[in-house]
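Data block below; observations after.
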Amino acid sequence: MFGLLLTGSLYAAFSPAQAGQAESDEALVAKGRDIFIVGCSTCHGLNGEGINSSRDGKILGPSLIGVGAAAVDFQVGTGRMPLAQPGSQAQRKPPVYTPDEVEALAAYVASLGVGPAIPDESDYSIAGLSEQEREEAIVRGGQIFLTNCTACHNFEGSGGAMPRGGYAPKIRGVDPKYIYEAMLTGPQAMDTFSNGNLSPEEKRDVIAYLQSLEDQPSYSGFGLGGMGPVSEGLFAWLFGIGLCVAFAVWIAAHTTRSSKSKVEA
Ligand code: HEC
Ligand code: HEC
């Protein structure tokens with residue numbers, strides 16, 4: 001009897017809160033759907049199913065079923081979506097929607113199918129680590145970055161060209177949340193680094209490494225944009241040694257002997 005009463009009253013105490021929660025979720029999804037129909041459905045379809053008619057061989061808008069809230073938060077939060085002009089690579093630009101609207105859009109797209117959720121700050125923040133743990137994270141992150149990301153984003157994350165007129169953007173100074181989401185969702189030509197590929201800790205380490213680049217001074221005066229050891233060495237050879245040779249020639253041309261020989265001639 002007591003057990004029944006207890007469970008009954010506990011249920012009564014907790015269920016309204018749950019119902020309220022569900023309701024506000026539904027309201028958020030509904031709000032997101034309204035924004036979606038106005039701003040996104042022309043390319044992604046009225047129900048996010050995608051529109052396959054092609055322009056220049058590229059589809060108007062892919063299906064968003066199962067891309068998850070993280071993809072929306074990344075694409076809309078970095079201003080890539082809504083895309084202004086289909087066919088070209090989505091550019092990073094000031095976001096069109098407020099954070100509240102992005103949240104609603106993300107909730108709506110997440111309701112279409114299961115996909116990666118927006119990461120929590122505890123997933124990528126290194127604030128809670130001790131000094132030594134932080135150093136270790138940076139070293140590990142640097143190794144992961146060198147093997148997985150430099151091919152496209154270059155050694156210092158300053159970006160690079162990609163096939164078919166595309167480019168990998170500079171990833172210095174990007175909000176850690178968007179770095180995490182980019183790895184998680186693999187926007188456009190970028191590979192997807194799902195949590196099976198790169199665990200959440202490894203993603204956090206990469207972010208720690210990228211942040212450590214921010215406060216690294218350029219020791220030799222001016223940086224060459226981290227083109228890599230070979231090209232930087234070549235630069236030093238051609239311009240550094242080239243300058244020395246030019247200087248030596250200049251000195252040789254201005255000695256007393258050379259001016260004397262000119263006078264004699
Ligand atoms: C002009 C057409 C257009 C509009 C408008 C547009 N999109 Fe897109 N969207 C695209 C195209 C094209 C891609 C694929 C980009 C690529 O992969 O090259 C895309 C990709 C995406 C992706 C990434 C999907 C993935 O697989 O990770 C998301 C998320 C997204 N759009 C959300 C939105 C939202 C939300 C809006 C409205 C605010 C919107 N889009 C408006 C054309 C559009
Ligand atoms: C195959 C090439 C490729 C690889 C490998 C790659 N990326 Fe990218 N990355 C891209 C491209 C292309 C974009 C631009 C996508 C877009 O504009 O939608 C991008 C975008 C990003 C962005 C978004 C930058 C911004 O301005 O919002 C971040 C952050 C990022 N990449 C991080 C990484 C990290 C970290 C790795 C390694 C774990 C990695 N990328 C590996 C090609 C690549």
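Ordering of the structure tokens sets the chain letters (A, B, ...); residue numbers start at 1 within each chain; ligands are numbered from 1 in the order shown.
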Surrounding residues of Val38 (chain A) excluding itself and chain neighbours under 6 positions, 12 Å, only C-alpha atoms, as a compact mmCIF listing (two decimals) with N, CA and C atoms, in the first residue's frame:
# COMPACT_ATOMS: atom_id res chain seq x y z
N LYS A 31 8.53 26.17 -33.69
CA LYS A 31 9.12 27.46 -34.05
C LYS A 31 10.20 27.26 -35.12
N GLY A 32 11.02 26.20 -34.90
CA GLY A 32 12.07 25.91 -35.87
C GLY A 32 11.50 25.58 -37.23
N HIS A 44 15.94 22.93 -49.34
CA HIS A 44 16.00 21.65 -48.62
C HIS A 44 14.65 20.93 -48.58
N GLY A 45 13.61 21.49 -49.22
CA GLY A 45 12.30 20.84 -49.23
C GLY A 45 11.48 21.21 -48.02
N LEU A 46 10.16 21.09 -48.16
CA LEU A 46 9.26 21.53 -47.07
C LEU A 46 9.44 20.72 -45.81
N ASN A 47 9.90 19.47 -45.93
CA ASN A 47 10.10 18.65 -44.74
C ASN A 47 11.56 18.25 -44.58
N PRO A 82 21.64 30.31 -44.33
CA PRO A 82 21.15 29.93 -45.65
C PRO A 82 22.14 30.32 -46.75
N LEU A 105 15.92 25.98 -35.07
CA LEU A 105 16.17 25.28 -36.34
C LEU A 105 16.84 23.94 -36.07
Next item on the list: Run DSSP on the backbone of this structure and report the residues of region 34-264 of chain A it assigns to strand (DSSP E), as a ChimeraX atom specification.
Entry: /A:51-55,58-61,160-161,167-168
Environment of ligand 2 within 7 Å, counting only C-alpha atoms and all ligand atoms, reported as a PDB file with N, CA, C and O atoms, in the first residue's frame:
ATOM      1  N   THR A  78      27.739  29.527 -38.249  1.00  0.00           N
ATOM      2  CA  THR A  78      28.885  30.165 -38.893  1.00  0.00           C
ATOM      3  C   THR A  78      28.439  30.960 -40.122  1.00  0.00           C
ATOM      4  O   THR A  78      29.264  31.399 -40.902  1.00  0.00           O
ATOM      5  N   ARG A  80      27.102  29.944 -42.837  1.00  0.00           N
ATOM      6  CA  ARG A  80      27.182  29.286 -44.152  1.00  0.00           C
ATOM      7  C   ARG A  80      25.790  29.121 -44.742  1.00  0.00           C
ATOM      8  O   ARG A  80      25.580  29.307 -45.927  1.00  0.00           O
ATOM      9  N   GLN A  89      30.847  26.999 -53.072  1.00  0.00           N
ATOM     10  CA  GLN A  89      31.111  26.559 -51.702  1.00  0.00           C
ATOM     11  C   GLN A  89      30.533  27.563 -50.714  1.00  0.00           C
ATOM     12  O   GLN A  89      30.698  28.772 -50.878  1.00  0.00           O
ATOM     13  N   ALA A  90      29.825  27.044 -49.722  1.00  0.00           N
ATOM     14  CA  ALA A  90      29.225  27.929 -48.720  1.00  0.00           C
ATOM     15  C   ALA A  90      30.329  28.677 -47.979  1.00  0.00           C
ATOM     16  O   ALA A  90      31.297  28.081 -47.536  1.00  0.00           O
ATOM     17  N   GLN A  91      30.172  29.975 -47.873  1.00  0.00           N
ATOM     18  CA  GLN A  91      31.196  30.804 -47.230  1.00  0.00           C
ATOM     19  C   GLN A  91      30.842  31.029 -45.767  1.00  0.00           C
ATOM     20  O   GLN A  91      29.679  31.111 -45.425  1.00  0.00           O
ATOM     21  N   ARG A  92      31.884  31.232 -44.974  1.00  0.00           N
ATOM     22  CA  ARG A  92      31.651  31.683 -43.619  1.00  0.00           C
ATOM     23  C   ARG A  92      31.271  33.161 -43.682  1.00  0.00           C
ATOM     24  O   ARG A  92      31.946  33.944 -44.343  1.00  0.00           O
ATOM     25  N   PHE A 145      46.370  16.351 -35.263  1.00  0.00           N
ATOM     26  CA  PHE A 145      46.180  17.383 -36.278  1.00  0.00           C
ATOM     27  C   PHE A 145      47.107  17.133 -37.472  1.00  0.00           C
ATOM     28  O   PHE A 145      46.676  17.216 -38.615  1.00  0.00           O
ATOM     29  N   ASN A 148      45.730  14.118 -39.475  1.00  0.00           N
ATOM     30  CA  ASN A 148      44.377  14.148 -40.036  1.00  0.00           C
ATOM     31  C   ASN A 148      43.972  15.433 -40.739  1.00  0.00           C
ATOM     32  O   ASN A 148      43.061  15.406 -41.555  1.00  0.00           O
ATOM     33  N   CYS A 149      44.583  16.537 -40.384  1.00  0.00           N
ATOM     34  CA  CYS A 149      44.016  17.805 -40.850  1.00  0.00           C
ATOM     35  C   CYS A 149      44.945  18.613 -41.741  1.00  0.00           C
ATOM     36  O   CYS A 149      44.477  19.419 -42.543  1.00  0.00           O
ATOM     37  N   THR A 150      46.278  18.428 -41.605  1.00  0.00           N
ATOM     38  CA  THR A 150      47.193  19.321 -42.316  1.00  0.00           C
ATOM     39  C   THR A 150      47.098  19.172 -43.826  1.00  0.00           C
ATOM     40  O   THR A 150      47.374  20.117 -44.542  1.00  0.00           O
ATOM     41  N   ALA A 151      46.699  17.991 -44.303  1.00  0.00           N
ATOM     42  CA  ALA A 151      46.603  17.795 -45.745  1.00  0.00           C
ATOM     43  C   ALA A 151      45.741  18.883 -46.373  1.00  0.00           C
ATOM     44  O   ALA A 151      46.014  19.341 -47.473  1.00  0.00           O
ATOM     45  N   CYS A 152      44.700  19.284 -45.695  1.00  0.00           N
ATOM     46  CA  CYS A 152      43.808  20.302 -46.260  1.00  0.00           C
ATOM     47  C   CYS A 152      44.001  21.671 -45.605  1.00  0.00           C
ATOM     48  O   CYS A 152      43.924  22.691 -46.268  1.00  0.00           O
ATOM     49  N   HIS A 153      44.230  21.675 -44.287  1.00  0.00           N
ATOM     50  CA  HIS A 153      44.210  22.974 -43.588  1.00  0.00           C
ATOM     51  C   HIS A 153      45.598  23.530 -43.341  1.00  0.00           C
ATOM     52  O   HIS A 153      45.733  24.551 -42.695  1.00  0.00           O
ATOM     53  N   MET A 162      41.580  23.541 -52.530  1.00  0.00           N
ATOM     54  CA  MET A 162      41.029  22.204 -52.714  1.00  0.00           C
ATOM     55  C   MET A 162      40.665  22.043 -54.186  1.00  0.00           C
ATOM     56  O   MET A 162      40.533  23.034 -54.896  1.00  0.00           O
ATOM     57  N   GLY A 166      37.399  24.745 -54.833  1.00  0.00           N
ATOM     58  CA  GLY A 166      37.052  24.853 -53.425  1.00  0.00           C
ATOM     59  C   GLY A 166      38.273  25.222 -52.603  1.00  0.00           C
ATOM     60  O   GLY A 166      39.383  25.328 -53.126  1.00  0.00           O
ATOM     61  N   TYR A 167      38.069  25.441 -51.341  1.00  0.00           N
ATOM     62  CA  TYR A 167      39.205  25.728 -50.469  1.00  0.00           C
ATOM     63  C   TYR A 167      38.880  25.272 -49.064  1.00  0.00           C
ATOM     64  O   TYR A 167      37.711  25.198 -48.685  1.00  0.00           O
ATOM     65  N   ALA A 168      39.920  24.919 -48.319  1.00  0.00           N
ATOM     66  CA  ALA A 168      39.756  24.624 -46.901  1.00  0.00           C
ATOM     67  C   ALA A 168      40.058  25.920 -46.169  1.00  0.00           C
ATOM     68  O   ALA A 168      41.114  26.515 -46.379  1.00  0.00           O
ATOM     69  N   PRO A 169      39.134  26.393 -45.352  1.00  0.00           N
ATOM     70  CA  PRO A 169      39.328  27.717 -44.756  1.00  0.00           C
ATOM     71  C   PRO A 169      40.393  27.717 -43.674  1.00  0.00           C
ATOM     72  O   PRO A 169      40.806  26.674 -43.167  1.00  0.00           O
ATOM     73  N   LYS A 170      40.810  28.921 -43.330  1.00  0.00           N
ATOM     74  CA  LYS A 170      41.695  29.134 -42.197  1.00  0.00           C
ATOM     75  C   LYS A 170      40.933  28.731 -40.937  1.00  0.00           C
ATOM     76  O   LYS A 170      39.771  29.110 -40.780  1.00  0.00           O
ATOM     77  N   ILE A 171      41.547  27.946 -40.057  1.00  0.00           N
ATOM     78  CA  ILE A 171      40.792  27.541 -38.864  1.00  0.00           C
ATOM     79  C   ILE A 171      41.415  28.078 -37.594  1.00  0.00           C
ATOM     80  O   ILE A 171      41.218  27.544 -36.520  1.00  0.00           O
ATOM     81  N   VAL A 174      38.724  30.111 -34.708  1.00  0.00           N
ATOM     82  CA  VAL A 174      37.346  29.635 -34.819  1.00  0.00           C
ATOM     83  C   VAL A 174      36.877  29.196 -33.426  1.00  0.00           C
ATOM     84  O   VAL A 174      37.648  28.609 -32.661  1.00  0.00           O
ATOM     85  N   TYR A 178      32.533  25.287 -32.840  1.00  0.00           N
ATOM     86  CA  TYR A 178      32.412  25.058 -34.279  1.00  0.00           C
ATOM     87  C   TYR A 178      33.523  24.138 -34.779  1.00  0.00           C
ATOM     88  O   TYR A 178      33.324  23.392 -35.738  1.00  0.00           O
ATOM     89  N   ILE A 179      34.699  24.166 -34.136  1.00  0.00           N
ATOM     90  CA  ILE A 179      35.753  23.216 -34.525  1.00  0.00           C
ATOM     91  C   ILE A 179      35.261  21.790 -34.241  1.00  0.00           C
ATOM     92  O   ILE A 179      35.374  20.891 -35.072  1.00  0.00           O
ATOM     93  N   TYR A 180      34.678  21.639 -33.051  1.00  0.00           N
ATOM     94  CA  TYR A 180      34.171  20.320 -32.669  1.00  0.00           C
ATOM     95  C   TYR A 180      33.088  19.872 -33.645  1.00  0.00           C
ATOM     96  O   TYR A 180      33.107  18.736 -34.149  1.00  0.00           O
ATOM     97  N   ALA A 182      32.568  20.870 -36.694  1.00  0.00           N
ATOM     98  CA  ALA A 182      33.098  20.626 -38.040  1.00  0.00           C
ATOM     99  C   ALA A 182      33.646  19.205 -38.114  1.00  0.00           C
ATOM    100  O   ALA A 182      33.399  18.482 -39.078  1.00  0.00           O
ATOM    101  N   MET A 183      34.389  18.786 -37.080  1.00  0.00           N
ATOM    102  CA  MET A 183      34.927  17.419 -37.088  1.00  0.00           C
ATOM    103  C   MET A 183      33.787  16.407 -37.052  1.00  0.00           C
ATOM    104  O   MET A 183      33.801  15.408 -37.770  1.00  0.00           O
ATOM    105  N   PRO A 187      31.613  19.190 -42.860  1.00  0.00           N
ATOM    106  CA  PRO A 187      30.893  20.018 -43.839  1.00  0.00           C
ATOM    107  C   PRO A 187      31.497  19.910 -45.239  1.00  0.00           C
ATOM    108  O   PRO A 187      32.719  19.851 -45.390  1.00  0.00           O
ATOM    109  N   GLN A 188      30.656  19.879 -46.238  1.00  0.00           N
ATOM    110  CA  GLN A 188      31.045  19.869 -47.651  1.00  0.00           C
ATOM    111  C   GLN A 188      32.204  18.924 -47.945  1.00  0.00           C
ATOM    112  O   GLN A 188      32.104  17.735 -47.671  1.00  0.00           O
ATOM    113  N   ALA A 189      33.333  19.445 -48.443  1.00  0.00           N
ATOM    114  CA  ALA A 189      34.408  18.563 -48.897  1.00  0.00           C
ATOM    115  C   ALA A 189      35.244  17.999 -47.739  1.00  0.00           C
ATOM    116  O   ALA A 189      36.170  17.237 -47.953  1.00  0.00           O
ATOM    117  N   MET A 190      34.935  18.378 -46.519  1.00  0.00           N
ATOM    118  CA  MET A 190      35.738  17.901 -45.384  1.00  0.00           C
ATOM    119  C   MET A 190      35.290  16.498 -44.963  1.00  0.00           C
ATOM    120  O   MET A 190      34.124  16.163 -45.041  1.00  0.00           O
ATOM    121  N   ASP A 191      36.262  15.685 -44.546  1.00  0.00           N
ATOM    122  CA  ASP A 191      35.929  14.350 -44.053  1.00  0.00           C
ATOM    123  C   ASP A 191      35.161  14.466 -42.736  1.00  0.00           C
ATOM    124  O   ASP A 191      35.317  15.435 -42.014  1.00  0.00           O
ATOM    125  N   PHE A 193      34.776  13.187 -39.011  1.00  0.00           N
ATOM    126  CA  PHE A 193      35.518  12.483 -37.960  1.00  0.00           C
ATOM    127  C   PHE A 193      34.535  12.155 -36.850  1.00  0.00           C
ATOM    128  O   PHE A 193      34.409  12.884 -35.879  1.00  0.00           O
ATOM    129  N   VAL A 206      42.677  18.158 -30.136  1.00  0.00           N
ATOM    130  CA  VAL A 206      42.923  18.934 -31.350  1.00  0.00           C
ATOM    131  C   VAL A 206      42.593  20.406 -31.103  1.00  0.00           C
ATOM    132  O   VAL A 206      43.342  21.314 -31.487  1.00  0.00           O
TER     133      VAL A 206
END
Notebook entry, point to check: Which polymer residues have any atom within 7 Å of an atom of region 94-96 of chain A, counting only C-alpha atoms, with same-chain residues fewer than 5 positions away left out, as a VMD selection string?
Noted result: chain A and resid 76 to 79
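Candidate residues A:Gly157, A:Pro99, A:Gly186, A:Gly141 were compared for distance to ligand 1, and the nearest is A:Gly186, using only C-alpha atoms and all ligand atoms.
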Next item on the list: Report as a PyMOL selection string which protein, DNA and RNA residues come within 6 Å of ligand 1, using only C-alpha atoms and all ligand atoms.
Entry: chain A and resi 36+39-40+42-43+60-62+64+67+71-72+75+81-86+89+105+185+187-188
Write out, as a short mmCIF file (atom, residue, chain, number, x, y, z; two decimals), in the first residue's frame, the residues just selected, with C-alpha atoms.
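What landed in result.cif:
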data_model
loop_
_atom_site.label_atom_id
_atom_site.label_comp_id
_atom_site.auth_asym_id
_atom_site.auth_seq_id
_atom_site.Cartn_x
_atom_site.Cartn_y
_atom_site.Cartn_z
CA PHE A 36 12.73 26.53 -41.79
CA GLY A 39 14.33 30.41 -44.93
CA CYS A 40 15.43 26.93 -45.93
CA THR A 42 13.27 26.45 -51.08
CA CYS A 43 16.44 24.37 -51.24
CA LEU A 60 19.83 22.38 -54.91
CA GLY A 61 19.84 21.23 -51.30
CA PRO A 62 20.64 17.84 -49.73
CA LEU A 64 18.70 17.05 -43.80
CA VAL A 67 22.32 15.28 -40.19
CA ALA A 71 25.27 20.20 -38.45
CA VAL A 72 22.61 22.93 -38.26
CA GLN A 75 26.11 25.65 -40.79
CA MET A 81 23.45 28.62 -44.30
CA PRO A 82 21.15 29.93 -45.65
CA LEU A 83 23.22 29.61 -48.80
CA ALA A 84 22.92 32.67 -50.99
CA GLN A 85 23.84 31.08 -54.28
CA PRO A 86 23.61 27.37 -55.00
CA GLN A 89 31.11 26.56 -51.70
CA LEU A 105 16.17 25.28 -36.34
CA THR A 185 29.68 16.61 -39.15
CA PRO A 187 30.89 20.02 -43.84
CA GLN A 188 31.04 19.87 -47.65
#
Next item on the list: Name the closest residue to Pro116 (chain A) among the candidates A:Ala69, A:Lys203, A:Glu232, A:Leu198; distances are taken between atoms, counting only C-alpha atoms.
Entry: A:Ala69
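For Glu136 (chain A), the non-local neighbours within 10 Å, defined as residues at least 4 positions apart in the same chain or in other chains and counting only C-alpha atoms, are Ser130, Glu131, Gln132, Arg140, Gly141, Gly142, Asp205, Ala208 and Tyr209 of chain A.
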If you keep all heavy atoms, can you produce a file of those selected residues as a short mmCIF file (atom, residue, chain, number, x, y, z; two decimals), in the first residue's frame?
data_model
loop_
_atom_site.label_atom_id
_atom_site.label_comp_id
_atom_site.auth_asym_id
_atom_site.auth_seq_id
_atom_site.Cartn_x
_atom_site.Cartn_y
_atom_site.Cartn_z
N SER A 130 44.57 20.41 -15.45
CA SER A 130 45.74 20.98 -14.79
C SER A 130 46.75 21.39 -15.86
O SER A 130 46.63 21.01 -17.03
CB SER A 130 46.37 19.96 -13.86
OG SER A 130 47.01 18.96 -14.63
N GLU A 131 47.75 22.15 -15.46
CA GLU A 131 48.75 22.65 -16.41
C GLU A 131 49.38 21.51 -17.20
O GLU A 131 49.52 21.56 -18.42
CB GLU A 131 49.82 23.41 -15.63
CG GLU A 131 50.73 24.28 -16.48
CD GLU A 131 49.97 25.34 -17.26
OE1 GLU A 131 48.99 25.90 -16.73
OE2 GLU A 131 50.35 25.58 -18.41
N GLN A 132 49.72 20.41 -16.46
CA GLN A 132 50.40 19.30 -17.14
C GLN A 132 49.47 18.56 -18.08
O GLN A 132 49.84 18.24 -19.21
CB GLN A 132 50.97 18.33 -16.10
CG GLN A 132 52.04 17.44 -16.73
CD GLN A 132 52.36 16.25 -15.86
OE1 GLN A 132 52.07 16.24 -14.67
NE2 GLN A 132 52.97 15.24 -16.47
N ARG A 140 49.31 15.68 -27.80
CA ARG A 140 48.50 14.66 -28.50
C ARG A 140 47.70 15.29 -29.62
O ARG A 140 47.65 14.78 -30.74
CB ARG A 140 47.53 14.00 -27.51
CG ARG A 140 48.13 12.90 -26.65
CD ARG A 140 47.01 12.09 -25.99
NE ARG A 140 46.05 12.94 -25.28
CZ ARG A 140 46.14 13.24 -24.00
NH1 ARG A 140 47.11 12.76 -23.26
NH2 ARG A 140 45.25 14.03 -23.43
N GLY A 141 47.10 16.44 -29.34
CA GLY A 141 46.28 17.12 -30.35
C GLY A 141 47.10 17.50 -31.56
O GLY A 141 46.64 17.40 -32.69
N GLY A 142 48.36 17.93 -31.32
CA GLY A 142 49.23 18.30 -32.43
C GLY A 142 49.49 17.11 -33.33
O GLY A 142 49.46 17.22 -34.56
N ASP A 205 41.56 17.41 -27.69
CA ASP A 205 43.00 17.63 -27.78
C ASP A 205 43.34 18.46 -29.02
O ASP A 205 44.20 19.33 -28.96
CB ASP A 205 43.73 16.28 -27.84
CG ASP A 205 43.60 15.51 -26.54
OD1 ASP A 205 43.14 16.11 -25.55
OD2 ASP A 205 43.95 14.31 -26.52
N ALA A 208 42.61 21.91 -28.22
CA ALA A 208 43.64 22.46 -27.33
C ALA A 208 44.87 22.85 -28.14
O ALA A 208 45.47 23.91 -27.94
CB ALA A 208 44.01 21.44 -26.27
N TYR A 209 45.23 22.01 -29.12
CA TYR A 209 46.40 22.30 -29.97
C TYR A 209 46.17 23.58 -30.77
O TYR A 209 47.02 24.47 -30.83
CB TYR A 209 46.69 21.13 -30.89
CG TYR A 209 47.70 21.45 -31.97
CD1 TYR A 209 49.05 21.59 -31.65
CD2 TYR A 209 47.31 21.63 -33.28
CE1 TYR A 209 49.98 21.91 -32.63
CE2 TYR A 209 48.23 21.95 -34.26
CZ TYR A 209 49.56 22.08 -33.93
OH TYR A 209 50.47 22.41 -34.90
#
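Between CA of Val230 (chain A) and CA of Phe155 (chain A) lies a distance of 11.8 Å.
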Next item on the list: Based on DSSP run over this structure's backbone, return all residues of region 112-179 of chain A in helix (DSSP H, G or I), as a ChimeraX atom specification.
Entry: /A:112,121-124,131-148,150-153,176-179
Notebook entry, point to check: Hey, can you check how far CA of Thr147 (chain A) sits from CA of Gly165 (chain A)?
Noted result: 23.9 Å
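The coordinates place CA of Leu146 (chain A) at 15.3 Å from CA of Asn197 (chain A).
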